[in-house]
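Participant: This is the structure, below, for whatever I ask next.
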Amino acid sequence: MWLRRIFLVTGWLVGLALLAFVLARNLVVTSDLRAFMPPPRNADQKLLLEQIGEGPASRLLLLEVAPEQATFEQTAELSRGLVQALHGDAHFTRVMNGEGNLAELDPALLPYRYLLSPTLDTHRFDADFLRDELQQRIEDLASPAAGMLKPWLARDPTLETLKLAQRWTPAKAPVLRDGVWAAPDGGALLLVETAAPAFDPAAQGEVVETLRAKFRALPGSENANLEISGPGYFSVLVNANTRREAEWLSGIGTAAFALLLLVAYRHPGALLSAALPIASGALAGIAATTWVFGPVHGITLAFGFTLLGVAQEYPLRLLSHRRAGVGARESLLGVWPLLRLAIASACIAYLAFFASGVSGLQQLAMFTIAGLIVAGFATRSLLPAVLPVRFRDVAESPWLERLRVRLDAVPRLRLVSSGALPWALLALACVALVLAPKPFWQNDLAALTPVPAKLLQREGELRSALGAPDVRYLLVLEANDADGVLALSERISPQVEKWIAGKLVDDVELPSRYLPSVATQAARQAELPDRATLQATLDAAAADTEFQAELFAPFVDDVEKARGLPPLTPKAFAATPLGARLDAMLAARGGRALGLGTLSGVHDPVALADAVAQLGNGVRLIDLKAASESLVADYRARIGIALLVALVLLAVTVAVAFRDLVRAWHVIAPMSLATLLVLAVLRAGGVSLSLFHLVALTLAAGLGLHYALFFERRVDDAAEARRTLHATLICVISAVLVFGLLATSQVPVLRAIGLTVALGVAFHFCLSTIMARNSQGCSLDTQKRG
C-alpha cells in the first residue's frame, strides 16, 4: 500500500513538474499596468489611458549628475559624456543637457531647415539681412563658441540649424553653465525621452539599467552620482518594491503556515498533502489563462496566487475530517457536498470580475476560477489516495473539546429572531459609515502609489528646475488630418504666447514647434531667392565683411535645393531624430486627427481653462487627474454592480443547495454583516476605499462563506463537531496570519488587501459562530449524543 502511495505522489509531482516546465517555456508575462485600468467611457478617458503610458510628458526621465566629490566642471563633462554615450541608443528618442545640438536633422534633410525655421516669416534673404548675419558671425568666431560654429559656417551662415535646436529646446530651460544645464544644488541636469511607455516596468527597467551602465562607464563617474526621476522610473520602483515586499511577506507567511500545519496535524506529510492541490490549482490557473488570453500580466500571477488562498481550505478540510477506522475517501464524502458548494460559490463570486470589462481582472478571474476547480478536483479525486493510513484523529484533542464547550456556552442569536446583537452591530456599522471622517471612495490614483513622498517631492523639484511638461494638463487640438492639426497649432500660437506672457503657464509645447503646416512651408519656400539672385545678394553682403563670398557656396546650394523640395510631412519627419517626439504629439481618433500640446508650470488652471475655451472649436484643455477620477468612479460602479449580481447569484446557489431559505439565510446573513462590519472599521479608521478593497472583500467573503457553510452543517455527534471546529480554526488562523502580514506592508495595494481580508476573516468567523443555526459549538443535546 505504501509503495502505491509513493508511486502516486511521485507521479503527481512529476506531472506538476512537466506542466511547470511547459508553462515556463511558453509563458509570456506582460507588465503594462494599463491592463488593470477600466475601459474608457468617453474621449477624455480614452486619451487619459493613452497618455498615462504613451504620452510625451509621461515618457520623460529627469536626470541630475549630482556631485559627491566632483567639481561642477567635472559634472558638466560627465553630462556631455552621457549625452554622447546615449546618442543613437534605441531606448531613447531624445537626450538634452542644454547644449545646442546642430545635428538634430539628418544631413539629407538639412535643406529643409529653411522651411522649418521661422526666419522667413519676418525676414528676407536680402543684402541687409545677410550683411547683419555675417557681421554677427565675425563676432561669434571671436567667442568661446567659435569651435562649434566653424564646421557649420560655410553651409549655414544664418544659423538656421542652431535656431531650430533652440526652438526645440524647452522654453523654460535651466541656467546654462559651462554649456550645460546647471541645477541649483550644483549638479548638471539632463532631460531624456524614452521610446518605451512609462507604465511598462520591464522596458523602463532596461532604460534605467542602460542609463546607470553608461554613466558608470564614464571616466570620473565614481566621484558623482546619477539621480533618476520621472514616471518611468517610478514604475520600475513600484514594481520592484511591490515584488520585494510580496516575496518577503509571502515567504514569512508560508513558513508560518507550514509551522501551523505541523503543530495542528503533527505529521510532516500534512505539508505535502496541503501543497499538492494548491500547486495543481496554481499551475492549472496559469495554463488556463495562457490558453485563453495568451500573454499573462504579472499582477495576474501575483494576485492570482493570493486569491487562490481560498483553495488551501480544501485539503485542510480533508485532513481535519478524517475519522479513525474510516478511509480518507469515505471521510471526505461526509463533507464533500458542502465543500463542492463552497467551490461553486467562490467561482460565482469571481465571475463578477468578468463583467468588469477589464482584461487584467478577467485574467484574474480565469486564473482563480480554473485554479479553484482543479484544486477542488485534486482534493476530491487524488488526495485521498496518497494520504497515509496512519493518522491522528483531531477529535481526540482535549483542548478542542474544551474550546467546543466554551463556544457552546455563547448565546445562540438568530438573525431572524429577536436577538439584539446582530441588529446592534448592523446599526453601529451604519453609523460608522455615515460619520466616517474621510471621503468614502479614493478616486486619486496617485494616493495608491507606494512611491515615497520624498521621491515625489524631489521629482517635482527636478521637473520645475528643468521646465519639464506637467503630467496633469494636456492641450488637445482636433482637425480633419495631421496637417490640419499643425495649421490649428500655428493659428493659436499667438494666443499661447499671451498666456505665457500673462503668467498663466510657463510654456506650451505645440506640434507646430517641430513641424510647420504644408501651407507655412510653402509660404517660406516661396520667399527663397533663386541661385543667381542669392549669389548676387551674398556677394554684396560679403563685400563689407572679411568673408569671401565663395566660402558660402554650400549655403547657396542648400537654398537652391530647398526651393524644389516637396513639403515635409509628419511621415517624412519621422525619419529625423525628433520624429518620435512629433509622433507622440499626433494621434488618430475615429477618422479625425488629434494634436497633443504639453504644458509646463500651470499657475492658474481656472483662468487657463477660460482662455482655452475662447479659442473656439477644435481646442480643449484636459485635466488628466479629473479624467482619471471619473474613470475610477465609473469603474468602481461597474465592479460594484457586478459584485451585487454575484451576491444575488451566491444567495440563490446556497438556497437551492440547502432547499431551505432559513438555513440559506443563516449562511448569507453572517457573511453580509461581516462584510459591512469590515467596511465600517476601515471607514472609522479613516480609510477611503479603493478598487483593491473591493477585490479583498470578495476574497474575504469567499472565505467567510466556507465558515458559515460548515457551521451550518448538521452533525450527529460531538466528535464530528470538533473536527469541523478544528478545520475551521486552522483555516481562520492561517488566513489571519498570512493576510495580517500583508497588512503590515508599506505598499498601499498589499496593505489594503491584507488588512481587509484579515478583518473580514475574523468577523466572518465570529459571526458564523454566533449566528449559524447549527453552530459547531454544538448544542448540549448533540453533545450528549456524542
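Chain labels A, B, ... are given in the sequence in which chains occur in the C-alpha cells; within each chain residues are numbered consecutively from 1, and ligands are likewise numbered from 1 in the order shown.
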Can you list, as a VMD selection string, every residue of segment 203-450 of chain A that DSSP puts in strand (DSSP E)?
Facilitator: chain A and resid 224 to 229 296 to 297
Participant: Can you list, as number ranges by chain, every protein, DNA or RNA residue that comes within 12 Å of Arg113 of chain A when you count only C-alpha atoms, leaving out same-chain residues fewer than 6 positions away?
Facilitator: A: 102-107, 119-120, 155-156, 158-165, 167, 514-516, 521, 524-525, 528, 555, 558-559, 561-563, 565, 567-568, 573
Participant: When distances are computed from only C-alpha atoms, which of A:Val518, A:Leu538, A:Met585, A:Ala664 shows the smallest separation from Leu116 of chain A?
Facilitator: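 Answer, going by the shortest atom-to-atom distance: A:Val518.
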Participant: Rank nothing, just name the residue among A:Pro174, A:Val310, A:Leu249, A:Arg581 nearest to Val192 of chain A, using only C-alpha atoms.
Facilitator: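 Selected residue with least distance to Val192 of chain A: A:Arg581.
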Participant: Identify which of the residues A:Phe765, A:Tyr112, A:Phe710, A:Phe21 lies closest to His321 of chain A, counting only C-alpha atoms when measuring atom-to-atom distances.
Facilitator: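 Using only C-alpha atoms, His321 of chain A sits closest to A:Phe710.
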Participant: Using only C-alpha atoms, which of A:Thr520, A:Thr545, A:Ser345, A:Gln204 sits nearest Gly704 of chain A?
Facilitator: A:Ser345
Participant: Could you pull the residues within 7 Å of segment 736-745 of chain A, counting only C-alpha atoms, minus those fewer than 3 positions along the same chain, as a VMD selection string?
Facilitator: chain A and resid 245 249 253 732 to 733 750 to 752 754 to 755 757 to 758 761
Participant: I need the residues from that last selection saved to file as a compact mmCIF listing (two decimals), in the first residue's frame (with N, CA and C atoms), if you can.
Facilitator:
# COMPACT_ATOMS: atom_id res chain seq x y z
N GLU A 245 8.41 43.18 -1.44
CA GLU A 245 7.60 43.03 -0.23
C GLU A 245 6.70 41.80 -0.31
N LEU A 249 7.08 38.93 2.44
CA LEU A 249 5.95 38.60 3.32
C LEU A 249 5.36 37.24 3.00
N GLY A 253 4.96 34.22 5.53
CA GLY A 253 3.64 33.62 5.66
C GLY A 253 3.65 32.13 5.37
N VAL A 732 -8.94 29.66 9.67
CA VAL A 732 -9.02 31.04 10.12
C VAL A 732 -7.65 31.55 10.55
N ILE A 733 -6.95 30.76 11.35
CA ILE A 733 -5.64 31.19 11.85
C ILE A 733 -4.67 31.40 10.69
N LEU A 750 -0.92 46.12 -1.29
CA LEU A 750 -0.78 44.93 -0.43
C LEU A 750 -1.40 45.18 0.94
N ARG A 751 -1.19 46.39 1.47
CA ARG A 751 -1.75 46.70 2.78
C ARG A 751 -3.28 46.70 2.74
N ALA A 752 -3.87 47.24 1.68
CA ALA A 752 -5.33 47.26 1.56
C ALA A 752 -5.90 45.85 1.52
N GLY A 754 -4.39 43.00 2.53
CA GLY A 754 -4.11 42.27 3.76
C GLY A 754 -5.02 42.67 4.90
N LEU A 755 -5.16 43.97 5.13
CA LEU A 755 -5.98 44.45 6.25
C LEU A 755 -7.44 44.07 6.04
N VAL A 757 -8.81 41.59 4.23
CA VAL A 757 -9.08 40.15 4.35
C VAL A 757 -8.91 39.68 5.79
N ALA A 758 -7.88 40.17 6.48
CA ALA A 758 -7.68 39.76 7.87
C ALA A 758 -8.87 40.15 8.74
N VAL A 761 -11.94 37.93 7.69
CA VAL A 761 -11.88 36.55 8.20
C VAL A 761 -12.26 36.52 9.68
Participant: Mind giving me the straight-line distance from atom CA of Val667 of chain A to atom CA of Pro315 of chain A in Å, one decimal?
Facilitator: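 Straight-line distance from atom CA of Val667 of chain A to atom CA of Pro315 of chain A works out to 21.8 Å.
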Participant: Find the spatial neighbours of segment 218-233 of chain A, counting only C-alpha atoms, within a cut-off of 6 Å - ignore same-chain residues fewer than 5 positions away - and output them as a list in words.
Facilitator: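 Neighbouring residues, sequence-local ones excluded: Ser58, Leu61, Leu62, Leu63, Glu64, Val65, Ala66, Pro67, Glu68, Gln69, Ala70, Ala198, Gln204 and Glu459 of chain A.
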Participant: Could you tell me how far atom CA of Thr724 of chain A lies from atom CA of Leu333 of chain A, in Å and to one decimal?
Facilitator: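 These atoms are spaced 13.9 Å apart.
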Participant: Report, in Å with one decimal, the straight-line distance from atom CA of Asp178 of chain A to atom CA of Gln84 of chain A.
Facilitator: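 Separation between atom CA of Asp178 of chain A and atom CA of Gln84 of chain A: 16.3 Å.
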Participant: Go through A:Leu534, A:Leu3, A:Leu586, A:Leu608 one by one, measure the shortest atom-to-atom distance of each to Ile500 of chain A using only C-alpha atoms, and give the residue with the smallest value.
Facilitator: A:Leu608
Participant: Taking into account only C-alpha atoms, which residue in the set A:Val602, A:Gln457, A:Thr93, A:Ala613 is nearest to Asp583 of chain A?
Facilitator: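 With only C-alpha atoms as the atom set, the closest residue is A:Thr93.
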Participant: Taking the DSSP secondary structure from the backbone, can you list the residues of segment 98-251 of chain A that are helix (DSSP H, G or I), as a PyMOL selection string?
Facilitator: chain A and resi 107-116+119-122+127-141+146-153+160-167+201-216+221-223+231-251
Participant: Give me, as a ChimeraX atom specification, all polymer residues having an atom no more than 10 Å from segment 39-44 of chain A, counting only C-alpha atoms and skipping those fewer than 3 positions away in the same chain.
Facilitator: /A:34-36,47-50,356-359,476,589,621-624,626-628,630-632,634-635
Participant: Please identify all polymer residues within 12 Å of Pro570 of chain A, counting only C-alpha atoms, omitting same-chain residues fewer than 4 positions from it, and present them as a ChimeraX atom specification.
Facilitator: /A:481-486,511-512,514-518,574-576,578-587,595
